[in-house]
$ cat upload-v3.txt   # compact mmCIF, C-alpha atoms and all ligand atoms
# COMPACT_ATOMS: atom_id res chain seq x y z
CA MET A 398 -12.81 -3.91 -27.38
CA LYS A 399 -12.94 -6.50 -24.58
CA VAL A 400 -10.86 -5.42 -21.59
CA GLY A 401 -10.21 -7.44 -18.44
CA ILE A 402 -9.76 -5.59 -15.15
CA LEU A 403 -8.28 -7.04 -11.95
CA THR A 404 -7.01 -5.96 -8.54
CA GLY A 405 -4.01 -7.75 -7.00
CA GLY A 406 -2.01 -7.71 -3.78
CA GLY A 407 -3.19 -6.27 -0.47
CA ASP A 408 -6.55 -4.53 -0.71
CA CYS A 409 -6.71 -0.85 0.15
CA PRO A 410 -9.19 2.01 0.04
CA GLY A 411 -9.31 3.52 -3.44
CA LEU A 412 -9.45 0.31 -5.47
CA ASN A 413 -13.21 0.56 -5.86
CA PRO A 414 -13.21 4.22 -6.96
CA ALA A 415 -10.46 3.37 -9.47
CA ILE A 416 -12.52 0.50 -10.92
CA ARG A 417 -15.47 2.88 -11.11
CA GLY A 418 -13.45 5.59 -12.87
CA PHE A 419 -12.10 3.08 -15.38
CA VAL A 420 -15.50 1.60 -16.23
CA MET A 421 -17.22 4.99 -16.43
CA ARG A 422 -14.62 6.40 -18.83
CA GLY A 423 -14.40 3.09 -20.70
CA LEU A 424 -18.11 3.31 -21.50
CA ASP A 425 -17.46 6.61 -23.31
CA PHE A 426 -15.21 4.64 -25.67
CA GLY A 427 -17.44 1.59 -25.99
CA LEU A 428 -15.03 -0.63 -24.03
CA HIS A 429 -16.49 -3.88 -22.69
CA VAL A 430 -14.85 -3.99 -19.26
CA THR A 431 -15.04 -7.44 -17.70
CA GLY A 432 -14.14 -8.19 -14.09
CA ILE A 433 -11.45 -10.80 -13.41
CA ARG A 434 -11.89 -11.98 -9.82
CA GLN A 435 -9.18 -12.49 -7.16
CA GLY A 436 -6.29 -10.80 -8.93
CA TRP A 437 -4.05 -12.87 -11.19
CA ARG A 438 -5.59 -16.02 -9.70
CA GLY A 439 -8.67 -15.15 -11.70
CA LEU A 440 -6.73 -15.50 -14.93
CA VAL A 441 -4.91 -18.64 -13.80
CA GLN A 442 -8.17 -20.35 -12.81
CA GLY A 443 -10.61 -18.63 -15.16
CA ILE A 444 -12.62 -16.78 -12.49
CA VAL A 445 -14.02 -14.23 -14.93
CA ASP A 446 -17.38 -12.43 -15.03
CA SER A 447 -19.75 -13.53 -17.75
CA GLU A 448 -21.02 -9.99 -18.41
CA PRO A 449 -19.22 -6.64 -18.69
CA LEU A 450 -19.44 -4.27 -15.74
CA THR A 451 -22.21 -1.70 -15.98
CA VAL A 452 -22.78 1.76 -14.56
CA ALA A 453 -25.15 0.21 -12.03
CA ASP A 454 -22.38 -2.18 -10.93
CA VAL A 455 -19.79 0.49 -10.32
CA GLU A 456 -21.85 3.54 -9.32
CA PRO A 457 -21.86 2.79 -5.56
CA LEU A 458 -18.16 1.98 -5.43
CA ILE A 459 -17.02 5.52 -4.72
CA TRP A 460 -17.35 5.24 -0.94
CA GLN A 461 -16.51 1.55 -0.51
CA GLY A 462 -13.22 0.23 0.86
CA GLY A 463 -11.63 -3.07 -0.19
CA THR A 464 -12.10 -4.30 -3.73
CA ALA A 465 -15.32 -5.43 -5.38
CA LEU A 466 -13.21 -7.60 -7.71
CA LEU A 467 -11.53 -9.41 -4.79
CA SER A 468 -7.79 -9.89 -4.57
CA SER A 469 -4.98 -12.38 -4.04
CA ARG A 470 -1.20 -12.48 -4.03
CA THR A 471 -1.11 -15.01 -6.86
CA ASN A 472 1.94 -14.84 -9.13
CA PRO A 473 1.28 -16.55 -12.48
CA TYR A 474 5.03 -16.59 -13.12
CA ALA A 475 5.58 -18.77 -10.03
CA SER A 476 4.88 -21.92 -12.04
CA PRO A 477 5.06 -22.74 -15.78
CA ALA A 478 1.63 -24.41 -15.60
CA ASP A 479 0.03 -21.30 -14.09
CA LEU A 480 1.63 -19.11 -16.71
CA GLU A 481 0.37 -21.35 -19.50
CA ALA A 482 -3.12 -21.31 -17.95
CA THR A 483 -2.97 -17.50 -17.78
CA ARG A 484 -2.04 -17.20 -21.45
CA ALA A 485 -4.74 -19.73 -22.40
CA ASN A 486 -7.42 -17.87 -20.43
CA ILE A 487 -6.47 -14.53 -21.98
CA ARG A 488 -7.13 -16.16 -25.36
CA LYS A 489 -10.23 -18.06 -24.20
CA TYR A 490 -11.97 -14.97 -22.81
CA GLY A 491 -10.91 -12.87 -25.79
CA PHE A 492 -9.19 -10.13 -23.79
CA GLU A 493 -7.62 -7.58 -26.10
CA ALA A 494 -6.27 -5.62 -23.13
CA LEU A 495 -5.75 -6.15 -19.42
CA VAL A 496 -5.81 -3.47 -16.74
CA ALA A 497 -4.12 -4.34 -13.46
CA LEU A 498 -4.58 -2.29 -10.29
CA GLY A 499 -1.82 -3.10 -7.85
CA GLY A 500 1.60 -2.51 -6.39
CA GLU A 501 5.07 -3.63 -7.36
CA ASP A 502 4.19 -7.34 -7.58
CA THR A 503 0.89 -7.09 -9.45
CA LEU A 504 2.23 -4.50 -11.86
CA GLY A 505 5.43 -6.51 -12.28
CA VAL A 506 3.30 -9.30 -13.75
CA ALA A 507 1.55 -6.80 -16.03
CA SER A 508 4.94 -5.57 -17.19
CA ARG A 509 6.19 -9.09 -17.96
CA LEU A 510 2.99 -9.91 -19.85
CA PHE A 511 3.43 -6.74 -21.88
CA ASP A 512 6.94 -7.89 -22.79
CA GLU A 513 5.30 -11.08 -24.08
CA GLY A 514 3.07 -9.05 -26.41
CA ILE A 515 -0.07 -8.79 -24.24
CA ASN A 516 -1.67 -5.34 -24.04
CA THR A 517 -1.50 -4.22 -20.41
CA VAL A 518 -1.96 -0.98 -18.48
CA GLY A 519 -1.13 -0.52 -14.79
CA VAL A 520 -2.77 1.57 -12.08
CA PRO A 521 -0.68 2.17 -8.92
CA LYS A 522 -2.18 1.31 -5.56
CA THR A 523 -0.73 0.46 -2.17
CA MET A 524 -1.09 1.79 1.33
CA ASP A 525 2.73 1.54 1.56
CA ASN A 526 3.20 4.38 -1.01
CA ASP A 527 6.41 2.63 -2.05
CA LEU A 528 5.94 2.52 -5.81
CA ASP A 529 8.43 4.36 -7.95
CA LYS A 530 7.43 6.95 -10.58
CA THR A 531 4.26 8.21 -8.91
CA ASP A 532 4.14 10.89 -6.23
CA TYR A 533 1.42 9.01 -4.36
CA THR A 534 -0.36 5.68 -4.57
CA PHE A 535 -3.98 5.59 -3.50
CA GLY A 536 -4.61 3.75 -0.26
CA PHE A 537 -1.80 5.59 1.48
CA ASP A 538 -3.76 8.67 2.52
CA SER A 539 -6.65 6.61 3.89
CA ALA A 540 -4.33 4.33 5.86
CA LEU A 541 -2.45 7.32 7.20
CA GLY A 542 -5.69 8.86 8.46
CA VAL A 543 -6.48 5.67 10.36
CA CYS A 544 -2.99 5.58 11.89
CA VAL A 545 -3.21 9.16 13.09
CA GLU A 546 -6.63 8.57 14.61
CA CYS A 547 -5.28 5.49 16.42
CA ILE A 548 -2.25 7.38 17.72
CA ASP A 549 -4.54 10.09 19.07
CA ARG A 550 -6.55 7.39 20.83
CA VAL A 551 -3.63 5.57 22.42
CA ARG A 552 -2.21 8.90 23.58
CA ASP A 553 -5.15 9.12 25.99
CA THR A 554 -4.03 5.90 27.67
CA ALA A 555 -0.36 6.85 27.52
CA ARG A 556 -1.12 10.13 29.31
CA SER A 557 -3.59 8.69 31.80
CA HIS A 558 -1.28 5.86 32.86
CA ARG A 559 2.05 7.67 32.41
CA ARG A 560 3.29 5.08 29.94
CA VAL A 561 5.28 4.81 26.77
CA LEU A 562 3.13 3.50 23.94
CA VAL A 563 4.66 1.91 20.86
CA VAL A 564 2.42 1.93 17.76
CA GLU A 565 3.47 -0.49 15.02
CA VAL A 566 2.28 0.42 11.53
CA MET A 567 2.50 -1.34 8.17
CA GLY A 568 4.49 -0.26 5.15
CA ARG A 569 6.67 -3.25 4.35
CA HIS A 570 10.27 -2.11 3.68
CA ALA A 571 9.35 1.56 3.25
CA GLY A 572 8.67 3.97 6.09
CA PHE A 573 6.22 6.37 4.40
CA VAL A 574 3.33 5.35 6.66
CA ALA A 575 5.43 5.43 9.83
CA LEU A 576 7.12 8.74 9.03
CA ASN A 577 3.93 10.56 8.12
CA ALA A 578 1.89 9.00 10.93
CA GLY A 579 4.67 9.93 13.33
CA ILE A 580 4.74 13.54 12.19
CA ALA A 581 0.95 13.95 12.09
CA GLY A 582 0.46 12.05 15.34
CA GLY A 583 3.11 14.03 17.21
CA ALA A 584 5.24 10.96 17.96
CA ASP A 585 8.32 11.35 20.12
CA TRP A 586 10.38 8.83 18.13
CA ILE A 587 9.93 7.14 14.76
CA LEU A 588 11.58 3.85 13.79
CA LEU A 589 11.98 3.35 10.04
CA PRO A 590 13.24 0.55 7.81
CA GLU A 591 15.46 3.11 6.06
CA GLU A 592 17.73 3.56 9.11
CA THR A 593 19.55 1.36 11.58
CA PRO A 594 17.72 2.13 14.81
CA ASP A 595 19.78 3.58 17.66
CA ILE A 596 17.87 2.10 20.58
CA GLY A 597 20.18 3.73 23.14
CA ALA A 598 19.56 7.20 21.72
CA MET A 599 15.83 6.50 21.52
CA CYS A 600 15.63 5.45 25.18
CA ARG A 601 17.63 8.45 26.37
CA HIS A 602 15.31 10.74 24.41
CA LEU A 603 12.20 9.01 25.74
CA GLU A 604 13.47 9.58 29.29
CA THR A 605 13.81 13.32 28.54
CA VAL A 606 10.34 13.46 27.01
CA TYR A 607 8.86 11.47 29.87
CA ALA A 608 10.39 13.78 32.45
CA ARG A 609 8.75 16.71 30.63
CA LYS A 610 5.23 15.41 29.94
CA GLY A 611 4.83 12.08 31.71
CA TYR A 612 4.27 9.86 28.67
CA ALA A 613 5.73 9.22 25.24
CA ILE A 614 4.66 7.80 21.87
CA VAL A 615 6.86 5.78 19.53
CA VAL A 616 5.80 4.89 15.98
CA ALA A 617 7.56 1.81 14.62
CA SER A 618 7.38 0.71 11.02
CA GLU A 619 6.87 -3.04 10.72
CA GLY A 620 9.94 -3.17 8.48
CA ALA A 621 12.32 -1.53 10.98
CA VAL A 622 15.20 -3.92 11.58
CA LEU A 623 16.35 -4.21 15.17
CA ALA A 624 19.62 -5.78 16.16
CA GLY A 625 18.68 -8.81 18.23
CA ALA A 626 15.11 -9.01 16.93
CA ASP A 627 14.51 -12.21 15.03
CA ALA A 628 13.55 -11.09 11.52
CA GLY A 629 13.35 -14.77 10.56
CA ALA A 630 10.45 -15.20 12.94
CA GLY A 631 8.06 -13.85 10.30
CA GLY A 632 5.60 -16.07 8.47
CA GLY A 633 6.38 -17.86 5.24
CA LEU A 634 7.08 -16.28 1.87
CA ASP A 635 4.29 -15.36 -0.52
CA SER A 636 4.40 -16.37 -4.19
CA PHE A 637 6.41 -13.22 -4.97
CA GLY A 638 9.04 -14.18 -2.38
CA HIS A 639 8.04 -11.59 0.25
CA GLN A 640 8.17 -12.39 3.93
CA SER A 641 5.16 -11.55 6.09
CA LEU A 642 6.41 -8.87 8.48
CA SER A 643 3.41 -8.87 10.81
CA ALA A 644 4.67 -12.04 12.51
CA VAL A 645 8.00 -10.36 13.36
CA GLU A 646 6.13 -7.95 15.67
CA VAL A 647 8.87 -5.38 15.86
CA GLY A 648 6.62 -3.25 18.08
CA ARG A 649 6.63 -5.91 20.79
CA THR A 650 10.43 -6.13 20.80
CA VAL A 651 10.80 -2.34 20.85
CA ALA A 652 8.38 -1.99 23.76
CA ALA A 653 10.16 -4.68 25.77
CA GLU A 654 13.52 -3.05 25.15
CA ILE A 655 12.25 0.40 26.18
CA GLU A 656 10.82 -0.95 29.42
CA ARG A 657 14.00 -2.90 30.18
CA ARG A 658 16.29 0.07 29.62
CA THR A 659 14.19 2.92 31.03
CA GLU A 660 12.05 1.13 33.62
CA ILE A 661 9.07 3.14 32.32
CA GLU A 662 5.89 1.10 31.95
CA THR A 663 5.51 0.47 28.22
CA ARG A 664 2.82 -1.07 26.03
CA HIS A 665 2.61 -1.72 22.31
CA VAL A 666 -0.19 -1.94 19.78
CA VAL A 667 0.00 -3.42 16.28
CA LEU A 668 -2.48 -1.61 14.02
CA GLY A 669 -2.36 -4.33 11.36
CA HIS A 670 -5.17 -4.63 8.85
CA ILE A 671 -7.27 -1.97 10.57
CA GLN A 672 -5.11 0.41 8.51
CA ARG A 673 -6.30 -1.04 5.22
CA GLY A 674 -10.02 -1.11 5.96
CA GLY A 675 -12.78 1.44 5.81
CA ALA A 676 -13.96 4.07 3.39
CA PRO A 677 -11.37 5.76 1.17
CA SER A 678 -10.40 9.31 2.14
CA ALA A 679 -11.55 12.12 -0.15
CA PHE A 680 -7.98 12.44 -1.46
CA ASP A 681 -7.85 8.74 -2.35
CA ARG A 682 -11.30 8.80 -3.96
CA VAL A 683 -10.26 11.62 -6.27
CA LEU A 684 -6.78 10.24 -7.02
CA ALA A 685 -8.07 6.72 -7.70
CA THR A 686 -10.92 7.98 -9.88
CA ARG A 687 -8.56 10.13 -11.96
CA LEU A 688 -6.10 7.26 -12.37
CA GLY A 689 -8.94 4.96 -13.47
CA ILE A 690 -10.16 7.52 -16.03
CA HIS A 691 -6.66 7.98 -17.45
CA ALA A 692 -6.06 4.22 -17.62
CA ALA A 693 -9.20 3.89 -19.77
CA GLU A 694 -7.83 6.62 -22.03
CA CYS A 695 -4.56 4.66 -22.40
CA VAL A 696 -6.51 1.58 -23.47
CA HIS A 697 -8.65 3.58 -25.91
CA GLU A 698 -5.54 5.09 -27.50
CA GLY A 699 -3.75 1.72 -27.62
CA ASP A 700 -0.96 3.10 -25.41
CA PHE A 701 0.05 -0.11 -23.63
CA GLY A 702 2.93 -1.06 -21.35
CA LYS A 703 2.18 2.08 -19.37
CA MET A 704 1.34 2.91 -15.78
CA VAL A 705 -0.72 5.99 -15.04
CA ALA A 706 0.86 8.08 -12.29
CA LEU A 707 0.46 11.27 -10.25
CA ARG A 708 3.13 13.91 -10.88
CA GLY A 709 2.36 17.12 -9.03
CA ASN A 710 -1.33 17.57 -9.77
CA ALA A 711 -1.18 15.98 -13.22
CA ILE A 712 -1.87 12.38 -14.20
CA ILE A 713 0.91 11.24 -16.51
CA ARG A 714 1.94 7.98 -18.17
CA VAL A 715 5.20 6.21 -17.38
CA GLU A 716 6.70 2.99 -18.68
CA LEU A 717 5.43 0.07 -16.60
CA ARG A 718 8.87 -1.53 -16.56
CA ASP A 719 10.38 1.62 -14.97
CA ALA A 720 7.65 1.89 -12.36
CA VAL A 721 7.76 -1.57 -10.83
CA ARG A 722 10.54 -0.75 -8.43
CA ALA A 723 10.04 -0.23 -4.72
CA ARG A 724 11.20 3.09 -3.29
CA GLN A 725 12.02 4.18 0.24
CA VAL A 726 11.66 7.43 2.15
CA PRO A 727 14.23 10.02 0.96
CA THR A 728 16.86 11.09 3.51
CA LYS A 729 15.68 14.72 3.34
CA LEU A 730 12.23 13.81 4.65
CA ILE A 731 13.72 11.74 7.45
CA ALA A 732 15.93 14.70 8.43
CA GLU A 733 12.86 16.99 8.59
CA ALA A 734 11.10 14.59 10.94
CA ARG A 735 14.18 14.33 13.16
CA THR A 736 13.95 18.00 14.03
CA LEU A 737 10.63 17.17 15.72
CA THR A 738 11.88 14.18 17.69
CA ASN A 739 15.12 15.50 19.16
CA LYS A 740 13.73 17.99 21.71
O1 LIG A 801 1.56 -4.06 0.90
C1 LIG A 801 0.54 -3.72 1.76
C2 LIG A 801 0.67 -4.40 3.08
O2 LIG A 801 -0.40 -3.97 3.89
C3 LIG A 801 2.01 -4.22 3.78
O3 LIG A 801 2.09 -2.98 4.45
C4 LIG A 801 2.03 -5.41 4.69
O4 LIG A 801 3.35 -5.78 5.04
C5 LIG A 801 1.37 -6.47 3.87
O5 LIG A 801 0.56 -5.80 2.92
C6 LIG A 801 0.50 -7.43 4.66
O6 LIG A 801 0.03 -8.37 3.78
P1 LIG A 801 -1.11 -9.43 4.12
O7 LIG A 801 -2.42 -8.68 4.13
O8 LIG A 801 -1.03 -10.40 3.00
O9 LIG A 801 -0.78 -10.00 5.46
$ encode --input "upload-v3.txt" --output "structure tokens" --more "lines below"
Ligand code: F6P
Amino acid sequence: MKVGILTGGGDCPGLNPAIRGFVMRGLDFGLHVTGIRQGWRGLVQGIVDSEPLTVADVEPLIWQGGTALLSSRTNPYASPADLEATRANIRKYGFEALVALGGEDTLGVASRLFDEGINTVGVPKTMDNDLDKTDYTFGFDSALGVCVECIDRVRDTARSHRRVLVVEVMGRHAGFVALNAGIAGGADWILLPEETPDIGAMCRHLETVYARKGYAIVVASEGAVLAGADAGAGGGLDSFGHQSLSAVEVGRTVAAEIERRTEIETRHVVLGHIQRGGAPSAFDRVLATRLGIHAAECVHEGDFGKMVALRGNAIIRVELRDAVRARQVPTKLIAEARTLTNK
């Protein structure tokens, strides 16, 4: 069976181990796994490998960040011509199944193609951890580790200079990265997209903290919405209709507001793509590998329209169409974190 594999959306650590797991298990079943380059763009434009992936190709991928198959935010459904080209290339290259590794957008395309009668399987990835129906997406744990290391580093400057330091992290409209980085990094306040920030309460608390230890750390999710901050200042929309949040620079606005209200010297740092780079964590290597293995088993069994997912310690299969919904941090988790940032 000829199977096309692609990675779409923002790269993250774990994509390569997942590709490796899929190819390795696919070989057990005699699958011919062919790389489609640059996400869905590869199917729109026919950027497809001429030979199937081999053990030698994928063997070293276990420790490599990014994606060997390259990525893009191309949406074939954005234009009728692109969609027609996608369908034509699926026929031309003889793909009997497609495996897409991605988040809500990439898997949303896989789900729509499945509804059109094309055999697809999805594998959940994103550093944002905001995909429904899986306990974790790979990429999240690695990104979180980077965030915590960075917080520990900027704490040195915050302490040495008696400053407030605001650390802006990614996560789009979900605060999983910010919440967990804030807890693990010992932040004094965490700003999340899930809540309307109370800047007055934050500043009063930072003054208390500052009086006690002489510095303070704030973690701000890029998707936190501040009254007065110009959310429209972000970059343009991608082909899935998402605004780039990095240009909003919520961390800058937060830092300026803290300094204005408290008169404590304040700096901010935007971690940006540093969070998505580097070797996958051990957790992500194992999770991604297992998801890749199970996706190959789905293909072998002809169980299409599914996304493989982590539930507890088990890899399960869920309907793709149910999984392609973004989720946010549950209120209970936010309440837990609040007990650490109200002292
Ligand atoms: O979805 C992953 C993510 O890193 C988000 O956290 C962030 O908002 C976005 O991608 C950035 O996208 P790009 O790399 O296209 O600027």
$ atom_distance --input "upload-v3.txt" --atom1 "CA of Thr534 in chain A" --atom2 "CA of Ile515 in chain A"
24.4 Å
$ atom_distance --input "upload-v3.txt" --atom1 "CA of Gly432 in chain A" --atom2 "CA of Leu403 in chain A"
6.3 Å
$ residues_near_ligand --input "upload-v3.txt" --ligand "ligand LIG 801 (chain A)" --cutoff "6 Å" --atoms "only C-alpha atoms and all ligand atoms" --output "ChimeraX atom specification"
/A:407,523-525,567-569,642
$ residues_around --input "upload-v3.txt" --residues "Gly633 in chain A" --least-positions-apart "6" --cutoff "10 Å" --atoms "only C-alpha atoms" --output "ChimeraX atom specification"
/A:639-642,644
$ closest_residue --input "upload-v3.txt" --among "A:Gly689, A:Pro473, A:Pro677, A:Gly418" --to "Leu440 in chain A" --atoms "all atoms listed in the file"
A:Pro473
$ residues_around --input "upload-v3.txt" --residues "Ile661 in chain A" --least-positions-apart "3" --cutoff "9 Å" --atoms "only C-alpha atoms" --output "list in words"
Arg559, Arg560, Val561, Glu604, Tyr607, Ile655, Glu656, Arg657 and Arg658 of chain A
$ write_last_selection --input "upload-v3.txt" --atoms "C-alpha atoms" --output "short mmCIF file (atom, residue, chain, number, x, y, z; two decimals), in the coordinates of the input"
data_model
loop_
_atom_site.label_atom_id
_atom_site.label_comp_id
_atom_site.auth_asym_id
_atom_site.auth_seq_id
_atom_site.Cartn_x
_atom_site.Cartn_y
_atom_site.Cartn_z
CA ARG A 559 2.05 7.67 32.41
CA ARG A 560 3.29 5.08 29.94
CA VAL A 561 5.28 4.81 26.77
CA GLU A 604 13.47 9.58 29.29
CA TYR A 607 8.86 11.47 29.87
CA ILE A 655 12.25 0.40 26.18
CA GLU A 656 10.82 -0.95 29.42
CA ARG A 657 14.00 -2.90 30.18
CA ARG A 658 16.29 0.07 29.62
#
$ atom_distance --input "upload-v3.txt" --atom1 "CA of Gly443 in chain A" --atom2 "CA of Met704 in chain A"
24.6 Å
$ axis_aligned_box --input "upload-v3.txt" --around "range 669-682 of chain A" --padding-each-side "8 Å" --output "AutoDock Vina command-line options"
--center_x -8.2 --center_y 3.9 --center_z 3.7 --size_x 27.6 --size_y 33.1 --size_z 31.3
$ closest_residue --input "upload-v3.txt" --among "A:Pro590, A:Thr531, A:Arg470, A:Ser508" --to "Ala711 in chain A" --atoms "all atoms listed in the file"
A:Thr531
$ closest_residue --input "upload-v3.txt" --among "A:Ile580, A:Ala685, A:Cys409, A:Ala692" --to "Ala540 in chain A" --atoms "only C-alpha atoms"
A:Cys409
$ closest_residue --input "upload-v3.txt" --among "A:Arg609, A:Val420, A:Ile731, A:Ile444" --to "Leu589 in chain A" --atoms "only C-alpha atoms"
A:Ile731
$ residues_near_point --input "upload-v3.txt" --point "(13.3, 2.6, 19.3)" --cutoff "9 Å" --atoms "all atoms listed in the file" --output "PyMOL selection string"
chain A and resi 563+586-588+594-600+615-617+623+648+651-652+654-655
